[in-house]
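Enquirer: Following this line is structure-v7.tsv, made up of TSV, C-alpha atoms and all ligand atoms:
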```
chain	number	residue	atom	x	y	z
L	1	MET	CA	-39.35	10.11	16.22
L	2	ALA	CA	-37.72	13.47	15.65
L	3	THR	CA	-34.69	12.28	17.63
L	4	LEU	CA	-34.45	9.11	15.55
L	5	GLU	CA	-34.56	11.12	12.34
L	6	GLU	CA	-31.90	13.44	13.66
L	7	ARG	CA	-29.75	10.47	14.57
L	8	ALA	CA	-30.22	8.91	11.14
L	9	ARG	CA	-29.24	12.18	9.49
L	10	ALA	CA	-26.19	12.54	11.71
L	11	ARG	CA	-25.02	8.95	10.99
L	12	PRO	CA	-21.51	9.04	9.53
L	13	GLU	CA	-21.17	8.12	5.86
L	14	ALA	CA	-20.37	4.49	5.08
L	15	PHE	CA	-16.64	3.86	5.56
L	16	GLY	CA	-14.80	4.69	2.35
L	17	ARG	CA	-17.97	5.25	0.30
L	18	THR	CA	-16.11	7.46	-2.18
L	19	SER	CA	-12.81	5.53	-2.20
L	20	LEU	CA	-11.68	3.27	-5.02
L	21	ILE	CA	-10.18	0.66	-2.67
L	22	VAL	CA	-11.76	-0.08	0.70
L	23	CYS	CA	-10.38	-2.57	3.22
L	24	GLU	CA	-12.34	-2.61	6.45
L	25	SER	CA	-11.32	-4.66	9.49
L	26	LEU	CA	-9.66	-7.28	7.28
L	27	VAL	CA	-8.67	-10.50	9.00
L	28	ARG	CA	-6.81	-13.37	7.33
L	29	ILE	CA	-6.00	-16.41	9.39
L	30	TYR	CA	-3.88	-19.23	7.99
L	31	GLN	CA	-3.84	-22.71	9.52
L	32	SER	CA	-0.42	-24.24	9.16
L	33	GLU	CA	0.29	-27.65	10.72
L	34	GLY	CA	-2.25	-27.03	13.45
L	35	ILE	CA	-0.87	-23.56	14.21
L	36	GLU	CA	-2.96	-20.47	13.56
L	37	VAL	CA	-1.20	-17.53	11.94
L	38	GLN	CA	-3.03	-14.20	11.87
L	39	ALA	CA	-1.53	-12.53	8.80
L	40	LEU	CA	-4.04	-9.66	8.79
L	41	GLN	CA	-5.45	-8.54	12.12
L	42	GLY	CA	-8.22	-6.03	11.44
L	43	LEU	CA	-6.57	-4.00	8.71
L	44	ASP	CA	-8.23	-0.77	7.50
L	45	LEU	CA	-7.09	0.93	4.30
L	46	LEU	CA	-8.69	3.46	1.96
L	47	VAL	CA	-7.22	4.46	-1.41
L	48	ASP	CA	-8.79	7.17	-3.55
L	49	GLU	CA	-8.97	7.09	-7.33
L	50	GLY	CA	-5.83	8.63	-8.84
L	51	GLU	CA	-3.58	8.08	-5.81
L	52	LEU	CA	-0.05	6.71	-5.97
L	53	ILE	CA	0.72	4.98	-2.68
L	54	ALA	CA	3.30	2.65	-1.22
L	55	VAL	CA	2.48	-0.05	1.32
L	56	VAL	CA	5.63	-0.82	3.31
L	57	GLY	CA	6.37	-3.21	6.16
L	58	ALA	CA	8.93	-5.67	7.48
L	59	SER	CA	9.01	-9.27	6.31
L	60	GLY	CA	5.97	-11.13	7.66
L	61	SER	CA	3.94	-7.98	8.35
L	62	GLY	CA	1.16	-9.07	5.98
L	63	LYS	CA	1.93	-7.18	2.75
L	64	SER	CA	1.75	-10.16	0.40
L	65	THR	CA	-1.41	-11.39	2.07
L	66	LEU	CA	-3.02	-7.99	1.54
L	67	LEU	CA	-1.94	-7.98	-2.10
L	68	SER	CA	-3.31	-11.50	-2.67
L	69	VAL	CA	-6.65	-10.33	-1.28
L	70	LEU	CA	-6.72	-7.15	-3.35
L	71	SER	CA	-5.72	-8.99	-6.50
L	72	GLY	CA	-8.59	-11.46	-6.07
L	73	LEU	CA	-6.33	-14.48	-5.53
L	74	ASP	CA	-7.29	-14.99	-1.89
L	75	VAL	CA	-10.40	-14.37	0.23
L	76	PRO	CA	-10.03	-12.95	3.75
L	77	THR	CA	-11.37	-14.77	6.80
L	78	ALA	CA	-13.42	-11.73	7.87
L	79	GLY	CA	-13.98	-8.05	7.12
L	80	ASN	CA	-15.02	-6.14	4.01
L	81	VAL	CA	-13.01	-5.47	0.87
L	82	ARG	CA	-14.11	-3.59	-2.22
L	83	VAL	CA	-12.25	-2.38	-5.31
L	84	ALA	CA	-14.27	-0.09	-7.60
L	85	GLU	CA	-17.69	-1.79	-7.90
L	86	TRP	CA	-16.36	-5.26	-7.01
L	87	ASP	CA	-17.09	-6.78	-3.61
L	88	LEU	CA	-14.15	-9.16	-3.26
L	89	MET	CA	-15.76	-11.06	-0.37
L	90	THR	CA	-18.78	-12.26	-2.31
L	91	MET	CA	-17.48	-12.37	-5.90
L	92	THR	CA	-18.03	-15.63	-7.84
L	93	SER	CA	-15.03	-17.31	-9.51
L	94	ARG	CA	-16.31	-16.12	-12.89
L	95	GLU	CA	-16.49	-12.52	-11.62
L	96	ARG	CA	-13.01	-12.95	-10.18
L	97	VAL	CA	-11.63	-13.70	-13.67
L	98	GLU	CA	-13.48	-10.69	-15.06
L	99	TYR	CA	-12.21	-8.48	-12.23
L	100	ARG	CA	-8.60	-9.53	-12.82
L	101	ARG	CA	-8.93	-9.00	-16.57
L	102	THR	CA	-10.60	-5.58	-16.53
L	103	THR	CA	-10.07	-3.72	-13.27
L	104	VAL	CA	-6.58	-4.49	-12.01
L	105	GLY	CA	-3.11	-4.91	-13.49
L	106	PHE	CA	-0.03	-6.44	-11.84
L	107	VAL	CA	3.72	-6.11	-11.79
L	108	TRP	CA	5.57	-8.79	-9.82
L	109	GLN	CA	9.08	-8.80	-8.43
L	110	GLN	CA	10.25	-11.69	-10.60
L	111	THR	CA	10.55	-10.46	-14.17
L	112	ALA	CA	10.02	-14.05	-15.37
L	113	ARG	CA	6.50	-13.90	-13.92
L	114	ASN	CA	5.71	-10.69	-15.81
L	115	LEU	CA	7.01	-11.41	-19.30
L	116	VAL	CA	6.85	-14.37	-21.68
L	117	PRO	CA	10.51	-15.07	-22.57
L	118	TYR	CA	10.02	-15.95	-26.23
L	119	LEU	CA	7.85	-12.91	-27.08
L	120	THR	CA	9.14	-9.42	-27.87
L	121	ALA	CA	8.26	-6.49	-25.61
L	122	GLU	CA	5.51	-5.37	-27.97
L	123	GLU	CA	4.07	-8.90	-28.25
L	124	ASN	CA	4.12	-9.18	-24.45
L	125	VAL	CA	2.06	-5.99	-24.13
L	126	GLU	CA	-0.33	-7.15	-26.85
L	127	LEU	CA	-0.95	-10.54	-25.23
L	128	PRO	CA	-3.45	-9.44	-22.52
L	129	MET	CA	-5.18	-7.27	-25.14
L	130	ALA	CA	-5.57	-10.31	-27.42
L	131	LEU	CA	-6.97	-12.34	-24.50
L	132	ALA	CA	-9.53	-9.57	-23.97
L	133	GLY	CA	-10.52	-9.91	-27.65
L	134	ARG	CA	-9.30	-6.55	-28.91
L	135	PRO	CA	-8.66	-6.08	-32.66
L	136	ARG	CA	-5.10	-6.50	-33.91
L	137	ARG	CA	-4.60	-3.01	-35.32
L	138	GLN	CA	-5.75	-1.38	-32.08
L	139	ARG	CA	-3.43	-3.67	-30.09
L	140	ARG	CA	-0.42	-2.63	-32.12
L	141	ALA	CA	-1.04	1.09	-31.75
L	142	GLU	CA	-1.80	0.90	-28.02
L	143	ALA	CA	1.15	-1.35	-27.20
L	144	ALA	CA	3.47	1.08	-29.01
L	145	ALA	CA	1.93	4.04	-27.14
L	146	LEU	CA	2.34	2.32	-23.75
L	147	LEU	CA	5.98	1.40	-24.39
L	148	ASP	CA	6.50	5.03	-25.32
L	149	VAL	CA	4.96	6.33	-22.04
L	150	LEU	CA	7.26	3.98	-20.12
L	151	GLY	CA	10.32	5.18	-22.05
L	152	VAL	CA	11.10	1.77	-23.59
L	153	ALA	CA	9.81	2.22	-27.15
L	154	TYR	CA	13.31	1.29	-28.35
L	155	CYS	CA	12.85	-2.19	-26.80
L	156	ALA	CA	9.67	-2.99	-28.79
L	157	ASP	CA	11.32	-5.74	-30.89
L	158	ARG	CA	13.54	-7.18	-28.15
L	159	ARG	CA	12.90	-10.29	-26.12
L	160	PRO	CA	13.29	-10.11	-22.29
L	161	SER	CA	16.79	-11.67	-22.45
L	162	GLN	CA	17.88	-8.76	-24.64
L	163	MET	CA	16.82	-6.13	-22.08
L	164	SER	CA	18.23	-4.94	-18.73
L	165	GLY	CA	16.34	-5.62	-15.47
L	166	GLY	CA	15.04	-2.05	-15.38
L	167	GLU	CA	13.88	-2.19	-19.01
L	168	GLN	CA	12.13	-5.51	-18.33
L	169	GLN	CA	10.28	-4.00	-15.37
L	170	ARG	CA	9.20	-0.98	-17.39
L	171	VAL	CA	7.89	-3.31	-20.12
L	172	ALA	CA	6.17	-5.28	-17.31
L	173	ILE	CA	4.40	-2.08	-16.22
L	174	ALA	CA	3.20	-1.63	-19.83
L	175	VAL	CA	1.89	-5.23	-19.77
L	176	GLY	CA	0.09	-4.51	-16.48
L	177	LEU	CA	-1.56	-1.48	-18.09
L	178	ALA	CA	-2.47	-3.23	-21.36
L	179	ASN	CA	-6.21	-3.34	-20.71
L	180	SER	CA	-6.41	0.10	-19.03
L	181	PRO	CA	-7.00	-1.12	-15.46
L	182	ARG	CA	-8.33	1.21	-12.77
L	183	VAL	CA	-5.54	0.07	-10.41
L	184	LEU	CA	-2.00	-1.15	-10.96
L	185	PHE	CA	-0.63	-3.31	-8.13
L	186	ALA	CA	3.13	-3.75	-7.97
L	187	ASP	CA	4.67	-6.31	-5.60
L	188	GLU	CA	8.31	-5.49	-4.79
L	189	PRO	CA	8.79	-4.22	-8.37
L	190	THR	CA	12.33	-3.07	-7.59
L	191	GLY	CA	13.39	-6.03	-5.45
L	192	GLU	CA	15.87	-7.37	-7.99
L	193	LEU	CA	17.23	-3.98	-9.13
L	194	ASP	CA	20.08	-1.70	-8.01
L	195	THR	CA	19.26	1.69	-6.50
L	196	ALA	CA	19.62	3.78	-9.66
L	197	THR	CA	17.51	1.39	-11.75
L	198	SER	CA	14.92	1.15	-8.94
L	199	ASN	CA	14.58	4.92	-9.03
L	200	ASP	CA	13.93	4.79	-12.81
L	201	VAL	CA	11.23	2.15	-12.36
L	202	LEU	CA	9.55	4.08	-9.53
L	203	GLU	CA	9.65	7.27	-11.59
L	204	ALA	CA	8.02	5.31	-14.44
L	205	MET	CA	5.19	4.38	-12.05
L	206	ARG	CA	4.87	8.03	-11.15
L	207	ALA	CA	4.62	8.94	-14.84
L	208	VAL	CA	1.88	6.34	-15.33
L	209	ASN	CA	-0.05	7.75	-12.39
L	210	ARG	CA	0.38	11.35	-13.54
L	211	ASP	CA	-0.06	10.91	-17.32
L	212	LEU	CA	-2.62	8.09	-17.51
L	213	GLY	CA	-4.40	8.76	-14.21
L	214	THR	CA	-4.07	5.10	-13.12
L	215	THR	CA	-4.24	4.49	-9.37
L	216	VAL	CA	-0.99	2.78	-8.34
L	217	VAL	CA	-0.32	0.71	-5.21
L	218	VAL	CA	3.30	-0.37	-4.70
L	219	VAL	CA	3.90	-3.00	-2.02
L	220	THR	CA	7.47	-3.27	-0.75
L	221	HIS	CA	9.74	-3.77	2.24
L	222	ASP	CA	11.97	-0.94	0.93
L	223	PRO	CA	11.25	2.26	2.95
L	224	SER	CA	13.11	4.44	0.39
L	225	VAL	CA	10.08	4.08	-1.90
L	226	ARG	CA	8.43	6.75	0.23
L	227	ASP	CA	10.55	9.38	-1.58
L	228	HIS	CA	8.65	8.63	-4.80
L	229	VAL	CA	5.03	8.59	-3.63
L	230	GLN	CA	2.54	11.01	-2.05
L	231	ARG	CA	1.46	8.59	0.68
L	232	THR	CA	3.19	5.68	2.37
L	233	VAL	CA	1.15	3.30	4.50
L	234	GLU	CA	3.11	1.20	6.96
L	235	ILE	CA	1.82	-2.23	7.94
L	236	ARG	CA	2.88	-3.73	11.26
L	237	ASP	CA	1.56	-7.04	12.58
L	238	GLY	CA	-1.21	-7.23	10.01
L	239	ARG	CA	-2.55	-3.71	10.59
L	240	THR	CA	-1.93	-0.27	9.14
L	241	SER	CA	0.09	1.45	11.84
L	242	ALA	CA	1.53	4.66	10.40
L	243	GLU	CA	1.33	6.89	7.33
L	244	VAL	CA	3.79	9.32	5.78
L	245	LEU	CA	2.31	12.10	3.66
L	246	ARG	CA	4.49	14.14	1.33
L	247	HIS	CA	3.62	17.52	-0.06
L	248	THR	CA	5.33	20.57	-1.51
L	249	ALA	CA	5.61	23.59	0.80
L	250	THR	CA	6.69	27.14	0.00
L	251	ARG	CA	9.35	28.87	2.12
L	252	ASP	CA	9.17	32.55	3.09
L	253	ASP	CA	11.57	33.37	0.24
L	254	GLY	CA	9.18	31.75	-2.29
L	255	THR	CA	11.29	28.64	-2.96
L	256	GLN	CA	9.61	25.26	-2.74
L	257	HIS	CA	10.64	22.16	-0.86
L	258	GLU	CA	9.26	18.69	-0.13
L	259	VAL	CA	7.85	18.04	3.32
L	260	ALA	CA	7.21	14.54	4.71
L	261	GLU	CA	4.94	14.27	7.75
L	262	GLU	CA	4.52	11.05	9.69
L	263	PHE	CA	1.23	10.11	11.36
L	264	ALA	CA	0.12	7.18	13.49
L	265	VAL	CA	-3.08	5.51	12.28
L	266	LEU	CA	-6.07	5.34	14.59
L	267	ASP	CA	-8.21	2.43	13.41
L	268	ARG	CA	-11.99	2.28	13.37
L	269	ALA	CA	-12.08	0.65	16.79
L	270	GLY	CA	-9.93	3.46	18.24
L	271	ARG	CA	-6.72	1.39	18.38
L	272	ILE	CA	-3.32	2.91	17.73
L	273	GLN	CA	0.10	1.23	17.58
L	274	LEU	CA	2.82	2.98	19.55
L	275	PRO	CA	6.17	2.68	17.76
L	276	GLN	CA	8.57	0.27	19.42
L	277	ASP	CA	11.21	2.94	20.04
L	278	TYR	CA	8.64	5.08	21.89
L	279	ARG	CA	7.58	2.11	24.02
L	280	GLU	CA	11.18	1.27	24.84
L	281	ALA	CA	12.17	4.86	25.61
L	282	LEU	CA	9.52	5.18	28.35
L	283	ASP	CA	9.35	1.50	29.27
L	284	LEU	CA	5.70	1.32	28.25
L	285	VAL	CA	4.49	-2.24	28.76
L	286	GLY	CA	1.19	-3.73	29.80
L	287	ARG	CA	-0.97	-1.11	31.49
L	288	VAL	CA	-0.45	2.55	30.56
L	289	ARG	CA	-2.18	5.67	31.83
L	290	LEU	CA	-4.27	7.57	29.29
L	291	THR	CA	-5.37	11.12	30.03
L	292	LEU	CA	-7.38	13.46	27.90
L	293	GLU	CA	-5.67	16.84	27.79
L	294	GLN	CA	-7.11	19.95	26.19
L	295	SER	CA	-5.39	19.42	22.82
L	296	HIS	CA	-4.02	15.88	23.00
L	297	VAL	CA	-4.19	12.48	24.63
L	298	ALA	CA	-1.24	11.61	26.88
L	299	VAL	CA	0.09	8.05	27.34
L	300	ARG	CA	2.21	7.47	30.46
L	301	PRO	CA	3.81	4.44	32.08
L	302	GLY	CA	1.28	2.99	34.45
L	303	ASN	CA	2.50	-0.46	35.36
L	304	ARG	CA	4.85	0.36	38.20
L	305	PRO	CA	3.28	-0.11	41.63
L	306	GLY	CA	2.64	3.26	43.27
L	307	ASP	CA	3.42	5.13	40.01
L	308	ARG	CA	0.74	7.76	39.72
L	309	GLY	CA	2.16	9.15	36.46
L	310	THR	CA	3.26	12.65	37.40
L	311	PRO	CA	2.73	14.54	34.14
L	312	GLY	CA	5.48	17.11	34.58
L	313	ALA	CA	8.20	14.54	35.17
L	314	ASP	CA	7.01	12.24	32.36
L	315	GLU	CA	6.77	15.07	29.87
L	316	ARG	CA	10.28	16.16	30.77
L	317	ALA	CA	11.49	12.58	30.27
L	318	ALA	CA	9.79	12.42	26.88
L	319	HIS	CA	11.39	15.71	25.78
L	320	GLU	CA	14.79	14.51	26.95
L	321	ASN	CA	14.33	11.29	25.02
L	322	HIS	CA	13.36	13.20	21.90
L	323	ALA	CA	16.41	15.40	22.21
L	324	ARG	CA	18.64	12.37	22.79
L	325	HIS	CA	17.32	10.23	19.94
L	326	GLY	CA	16.40	13.06	17.55
L	327	ARG	CA	13.03	11.45	16.74
L	328	ARG	CA	10.26	13.07	14.84
L	329	ALA	CA	7.06	13.73	16.71
L	330	ARG	CA	4.18	11.46	15.56
N	1	LIG	N1	-0.13	-19.79	3.07
N	1	LIG	C1	0.27	-19.50	4.31
N	1	LIG	N2	0.16	-20.43	5.31
N	1	LIG	C2	0.52	-20.13	6.57
N	1	LIG	N3	1.03	-18.94	6.96
N	1	LIG	C3	1.18	-17.99	6.03
N	1	LIG	C4	0.81	-18.22	4.65
N	1	LIG	N4	1.07	-17.08	3.95
N	1	LIG	C5	1.57	-16.19	4.84
N	1	LIG	N5	1.64	-16.73	6.08
N	1	LIG	C6	2.11	-16.06	7.31
N	1	LIG	O1	1.38	-14.85	7.45
N	1	LIG	C7	2.23	-13.79	7.93
N	1	LIG	C8	2.23	-12.65	6.92
N	1	LIG	O2	2.86	-13.09	5.72
N	1	LIG	P1	3.00	-12.20	4.40
N	1	LIG	O3	3.63	-13.06	3.35
N	1	LIG	O4	1.71	-11.57	4.08
N	1	LIG	O5	4.03	-11.09	4.90
N	1	LIG	P2	4.92	-10.07	4.03
N	1	LIG	O6	4.87	-8.77	4.75
N	1	LIG	O7	4.49	-10.05	2.62
N	1	LIG	O8	6.36	-10.72	4.14
N	1	LIG	P3	7.54	-10.74	3.02
N	1	LIG	O9	7.99	-9.32	2.84
N	1	LIG	O10	8.58	-11.61	3.66
N	1	LIG	O11	6.96	-11.35	1.78
N	1	LIG	C9	3.61	-14.43	8.14
N	1	LIG	O12	3.70	-14.78	9.50
N	1	LIG	C10	3.57	-15.65	7.25
N	1	LIG	O13	4.41	-16.67	7.78
```
Before we go any further, please render this structure as structure tokens.

Expert:
Amino acid sequence: MATLEERARARPEAFGRTSLIVCESLVRIYQSEGIEVQALQGLDLLVDEGELIAVVGASGSGKSTLLSVLSGLDVPTAGNVRVAEWDLMTMTSRERVEYRRTTVGFVWQQTARNLVPYLTAEENVELPMALAGRPRRQRRAEAAALLDVLGVAYCADRRPSQMSGGEQQRVAIAVGLANSPRVLFADEPTGELDTATSNDVLEAMRAVNRDLGTTVVVVTHDPSVRDHVQRTVEIRDGRTSAEVLRHTATRDDGTQHEVAEEFAVLDRAGRIQLPQDYREALDLVGRVRLTLEQSHVAVRPGNRPGDRGTPGADERAAHENHARHGRRAR
């Protein structure tokens, strides 16, 4: 009995209990003309309240599928997914509407999907507020305040066709924030913009996160977004495979600089994805040798007959490869 109690006490806390967004072992399988496509293959992701993160990945890696799930438009085949108090696996269609109206806001890549063309910027921001039944005077004041935070107050009376792409996206962010959501999801928000304008839009997201405290998740194939966020999560083959964390460090002389550290993600089942360039550099295919060292786990080629994985030689090869390719350690 005492042992059972001890075990119960020692049980780890529920996965992501304190996080705002929890994706646990998410699987999404599509059937297309008799062929099964596994868009999400056991994806784990935790996002805390107040974070600003980017989810990046190549085309087909599963980003849009993840966003459809998180936005309540699609239900995964298996796994658990929660945003704030909403369990997205078991939600009714009525709750889904409520969730989309109150808890999350969206910015899409296509500006036409974000803004009604015949309404002014201010009217566009007021529209979701009106749908939520908020009084007219309050709508006016809040729409004006949001356009101000996004730096586009001067566009209040303009229609989308009278604004630049960057201005339209900043107004779109204001629309996404109209009903004070807990999370703002942005799907390729800079996809149709040039680099300088993209930077303005991403900085606007940063301002929203900093000044309004809204949690922001930007989904994109553009790796340069990582320069604008604290955490970048990389999706590969339907799973989170790597993360880049940025923070400010102080040099010996007291000056500050930005540091970006890259980590591989170990999922809940203990799986890790080795980057393709690492696999190619050491010809790691099929079976590999894993050894537990005092401070690390070593992975060595193990598929060659008679190869007993001599650590010294392999480590030297790895160092030489690093030196040759100038890669960062993960
Ligand atoms: N409705 C669907 N029916 C069948 N297969 C689908 C469907 N939606 C997505 N897929 C497949 O699932 C995989 C993941 O697609 P997804 O759109 O999530 O990737 P993505 O990372 O967003 O790509 P992109 O950046 O090109 O939009 C792909 O192989 C895609 O072909």

Enquirer: Sort by chain and increasing residue number a table of all residues of chain L within 12 Å of ligand LIG 1 (chain N), each with its closest pair of atoms and their distance in Å to one decimal, counting all atoms listed in the file, and write it as JSON lines.

Expert:
```
{"residue": "L:Val27", "atom": "CA", "partner": "N:LIG1", "partner_atom": "O1", "distance": 11.1}
{"residue": "L:Arg28", "atom": "CA", "partner": "N:LIG1", "partner_atom": "O1", "distance": 8.3}
{"residue": "L:Ile29", "atom": "CA", "partner": "N:LIG1", "partner_atom": "O1", "distance": 7.8}
{"residue": "L:Tyr30", "atom": "CA", "partner": "N:LIG1", "partner_atom": "C2", "distance": 4.7}
{"residue": "L:Gln31", "atom": "CA", "partner": "N:LIG1", "partner_atom": "C2", "distance": 5.9}
{"residue": "L:Ser32", "atom": "CA", "partner": "N:LIG1", "partner_atom": "C2", "distance": 4.9}
{"residue": "L:Glu33", "atom": "CA", "partner": "N:LIG1", "partner_atom": "C2", "distance": 8.6}
{"residue": "L:Gly34", "atom": "CA", "partner": "N:LIG1", "partner_atom": "C2", "distance": 10.1}
{"residue": "L:Ile35", "atom": "CA", "partner": "N:LIG1", "partner_atom": "C2", "distance": 8.5}
{"residue": "L:Glu36", "atom": "CA", "partner": "N:LIG1", "partner_atom": "C2", "distance": 7.8}
{"residue": "L:Val37", "atom": "CA", "partner": "N:LIG1", "partner_atom": "N3", "distance": 5.6}
{"residue": "L:Gln38", "atom": "CA", "partner": "N:LIG1", "partner_atom": "O1", "distance": 6.3}
{"residue": "L:Ala39", "atom": "CA", "partner": "N:LIG1", "partner_atom": "O1", "distance": 4.0}
{"residue": "L:Leu40", "atom": "CA", "partner": "N:LIG1", "partner_atom": "C8", "distance": 7.2}
{"residue": "L:Gln41", "atom": "CA", "partner": "N:LIG1", "partner_atom": "C8", "distance": 10.1}
{"residue": "L:Val55", "atom": "CA", "partner": "N:LIG1", "partner_atom": "O6", "distance": 9.7}
{"residue": "L:Val56", "atom": "CA", "partner": "N:LIG1", "partner_atom": "O6", "distance": 8.1}
{"residue": "L:Gly57", "atom": "CA", "partner": "N:LIG1", "partner_atom": "O6", "distance": 5.9}
{"residue": "L:Ala58", "atom": "CA", "partner": "N:LIG1", "partner_atom": "O6", "distance": 5.8}
{"residue": "L:Ser59", "atom": "CA", "partner": "N:LIG1", "partner_atom": "O10", "distance": 3.6}
{"residue": "L:Gly60", "atom": "CA", "partner": "N:LIG1", "partner_atom": "O5", "distance": 3.4}
{"residue": "L:Ser61", "atom": "CA", "partner": "N:LIG1", "partner_atom": "O6", "distance": 3.8}
{"residue": "L:Gly62", "atom": "CA", "partner": "N:LIG1", "partner_atom": "O4", "distance": 3.2}
{"residue": "L:Lys63", "atom": "CA", "partner": "N:LIG1", "partner_atom": "O7", "distance": 3.8}
{"residue": "L:Ser64", "atom": "CA", "partner": "N:LIG1", "partner_atom": "O7", "distance": 3.5}
{"residue": "L:Thr65", "atom": "CA", "partner": "N:LIG1", "partner_atom": "O4", "distance": 3.7}
{"residue": "L:Leu66", "atom": "CA", "partner": "N:LIG1", "partner_atom": "O4", "distance": 6.5}
{"residue": "L:Leu67", "atom": "CA", "partner": "N:LIG1", "partner_atom": "O4", "distance": 8.0}
{"residue": "L:Ser68", "atom": "CA", "partner": "N:LIG1", "partner_atom": "O4", "distance": 8.4}
{"residue": "L:Val69", "atom": "CA", "partner": "N:LIG1", "partner_atom": "O4", "distance": 10.0}
{"residue": "L:Leu73", "atom": "CA", "partner": "N:LIG1", "partner_atom": "N1", "distance": 11.9}
{"residue": "L:Asp74", "atom": "CA", "partner": "N:LIG1", "partner_atom": "N1", "distance": 9.9}
{"residue": "L:Val75", "atom": "CA", "partner": "N:LIG1", "partner_atom": "N1", "distance": 12.0}
{"residue": "L:Pro76", "atom": "CA", "partner": "N:LIG1", "partner_atom": "O4", "distance": 11.8}
{"residue": "L:Trp108", "atom": "CA", "partner": "N:LIG1", "partner_atom": "O11", "distance": 12.0}
{"residue": "L:Gln109", "atom": "CA", "partner": "N:LIG1", "partner_atom": "O11", "distance": 10.7}
{"residue": "L:Asp187", "atom": "CA", "partner": "N:LIG1", "partner_atom": "O7", "distance": 9.0}
{"residue": "L:Glu188", "atom": "CA", "partner": "N:LIG1", "partner_atom": "O9", "distance": 8.5}
{"residue": "L:Gly191", "atom": "CA", "partner": "N:LIG1", "partner_atom": "O9", "distance": 10.4}
{"residue": "L:Val219", "atom": "CA", "partner": "N:LIG1", "partner_atom": "O7", "distance": 8.5}
{"residue": "L:Thr220", "atom": "CA", "partner": "N:LIG1", "partner_atom": "O9", "distance": 7.1}
{"residue": "L:His221", "atom": "CA", "partner": "N:LIG1", "partner_atom": "O9", "distance": 5.9}
{"residue": "L:Asp222", "atom": "CA", "partner": "N:LIG1", "partner_atom": "O9", "distance": 9.5}
{"residue": "L:Glu234", "atom": "CA", "partner": "N:LIG1", "partner_atom": "O6", "distance": 10.4}
{"residue": "L:Ile235", "atom": "CA", "partner": "N:LIG1", "partner_atom": "O6", "distance": 7.9}
{"residue": "L:Arg236", "atom": "CA", "partner": "N:LIG1", "partner_atom": "O6", "distance": 8.5}
{"residue": "L:Asp237", "atom": "CA", "partner": "N:LIG1", "partner_atom": "C8", "distance": 8.0}
{"residue": "L:Gly238", "atom": "CA", "partner": "N:LIG1", "partner_atom": "C8", "distance": 7.1}
{"residue": "L:Arg239", "atom": "CA", "partner": "N:LIG1", "partner_atom": "O6", "distance": 10.7}
{"residue": "L:Thr240", "atom": "CA", "partner": "N:LIG1", "partner_atom": "O6", "distance": 11.7}
```

Enquirer: So which residues touch stretch 261-269 of chain L within 9 Å, counting only C-alpha atoms, skipping near sequence neighbours fewer than 4 positions away, as a list in words?

Expert: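 Listing them by chain and then by number gives Glu24, Ser25, Gly42, Leu43, Asp44, Arg239, Thr240, Ser241, Ala242, Glu243, Val244, Leu245, Arg246, His247, Gln273, Leu274, Pro275, Arg328, Ala329 and Arg330 of chain L.
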
Enquirer: I need every residue sitting at most 12 Å from the point (-5.3, -8.7, -30.3) (coordinates as in the file, all atoms listed in the file considered), written as a CSV table (one decimal) with C-alpha atoms, in the frame of the given file.

Expert:
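Dumped everything to part_31.csv:
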```
chain,number,residue,atom,x,y,z
L,122,GLU,CA,5.5,-5.4,-28.0
L,123,GLU,CA,4.1,-8.9,-28.2
L,124,ASN,CA,4.1,-9.2,-24.4
L,125,VAL,CA,2.1,-6.0,-24.1
L,126,GLU,CA,-0.3,-7.2,-26.8
L,127,LEU,CA,-1.0,-10.5,-25.2
L,128,PRO,CA,-3.4,-9.4,-22.5
L,129,MET,CA,-5.2,-7.3,-25.1
L,130,ALA,CA,-5.6,-10.3,-27.4
L,131,LEU,CA,-7.0,-12.3,-24.5
L,132,ALA,CA,-9.5,-9.6,-24.0
L,133,GLY,CA,-10.5,-9.9,-27.6
L,134,ARG,CA,-9.3,-6.6,-28.9
L,135,PRO,CA,-8.7,-6.1,-32.7
L,136,ARG,CA,-5.1,-6.5,-33.9
L,137,ARG,CA,-4.6,-3.0,-35.3
L,138,GLN,CA,-5.8,-1.4,-32.1
L,139,ARG,CA,-3.4,-3.7,-30.1
L,140,ARG,CA,-0.4,-2.6,-32.1
L,141,ALA,CA,-1.0,1.1,-31.8
L,142,GLU,CA,-1.8,0.9,-28.0
L,143,ALA,CA,1.2,-1.4,-27.2
L,178,ALA,CA,-2.5,-3.2,-21.4
L,179,ASN,CA,-6.2,-3.3,-20.7
```

Enquirer: In Å, with one decimal, what is the gap from atom CA of L:Val107 to atom CA of L:Leu26?

Expert: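 Interatomic distance, atom CA of L:Val107 to atom CA of L:Leu26: 23.3 Å.
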
Enquirer: Which residue out of L:Leu20, L:Val201, L:Ala281, L:Leu70 has the minimum interatomic distance to L:Gly105 when only C-alpha atoms are used?

Expert: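 Among L:Leu20, L:Val201, L:Ala281, L:Leu70, it is L:Leu70 that comes nearest to L:Gly105.
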
Enquirer: Kindly indicate which residue among L:Arg279, L:Arg210, L:Arg271, L:Arg82 lies nearest to L:Val22, using all atoms listed in the file for the distances.

Expert: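 Closest candidate: L:Arg82.
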
Enquirer: Please write as a list in words the list of polymer residues whose atoms come within 8 Å of (-6.5, 5.7, -6.9), counting only C-alpha atoms and keeping to the coordinates of the file.

Expert: Ser19, Leu20, Ile21, Val47, Asp48, Glu49, Gly50, Glu51, Leu52, Arg182, Val183, Thr214, Thr215 and Val216 of chain L

Enquirer: Counting all atoms listed in the file, which residue out of L:Ser224, L:Thr197, L:Gln256, L:Thr248 sits closest to L:Ser164?

Expert: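 Among L:Ser224, L:Thr197, L:Gln256, L:Thr248, it is L:Thr197 that comes nearest to L:Ser164.
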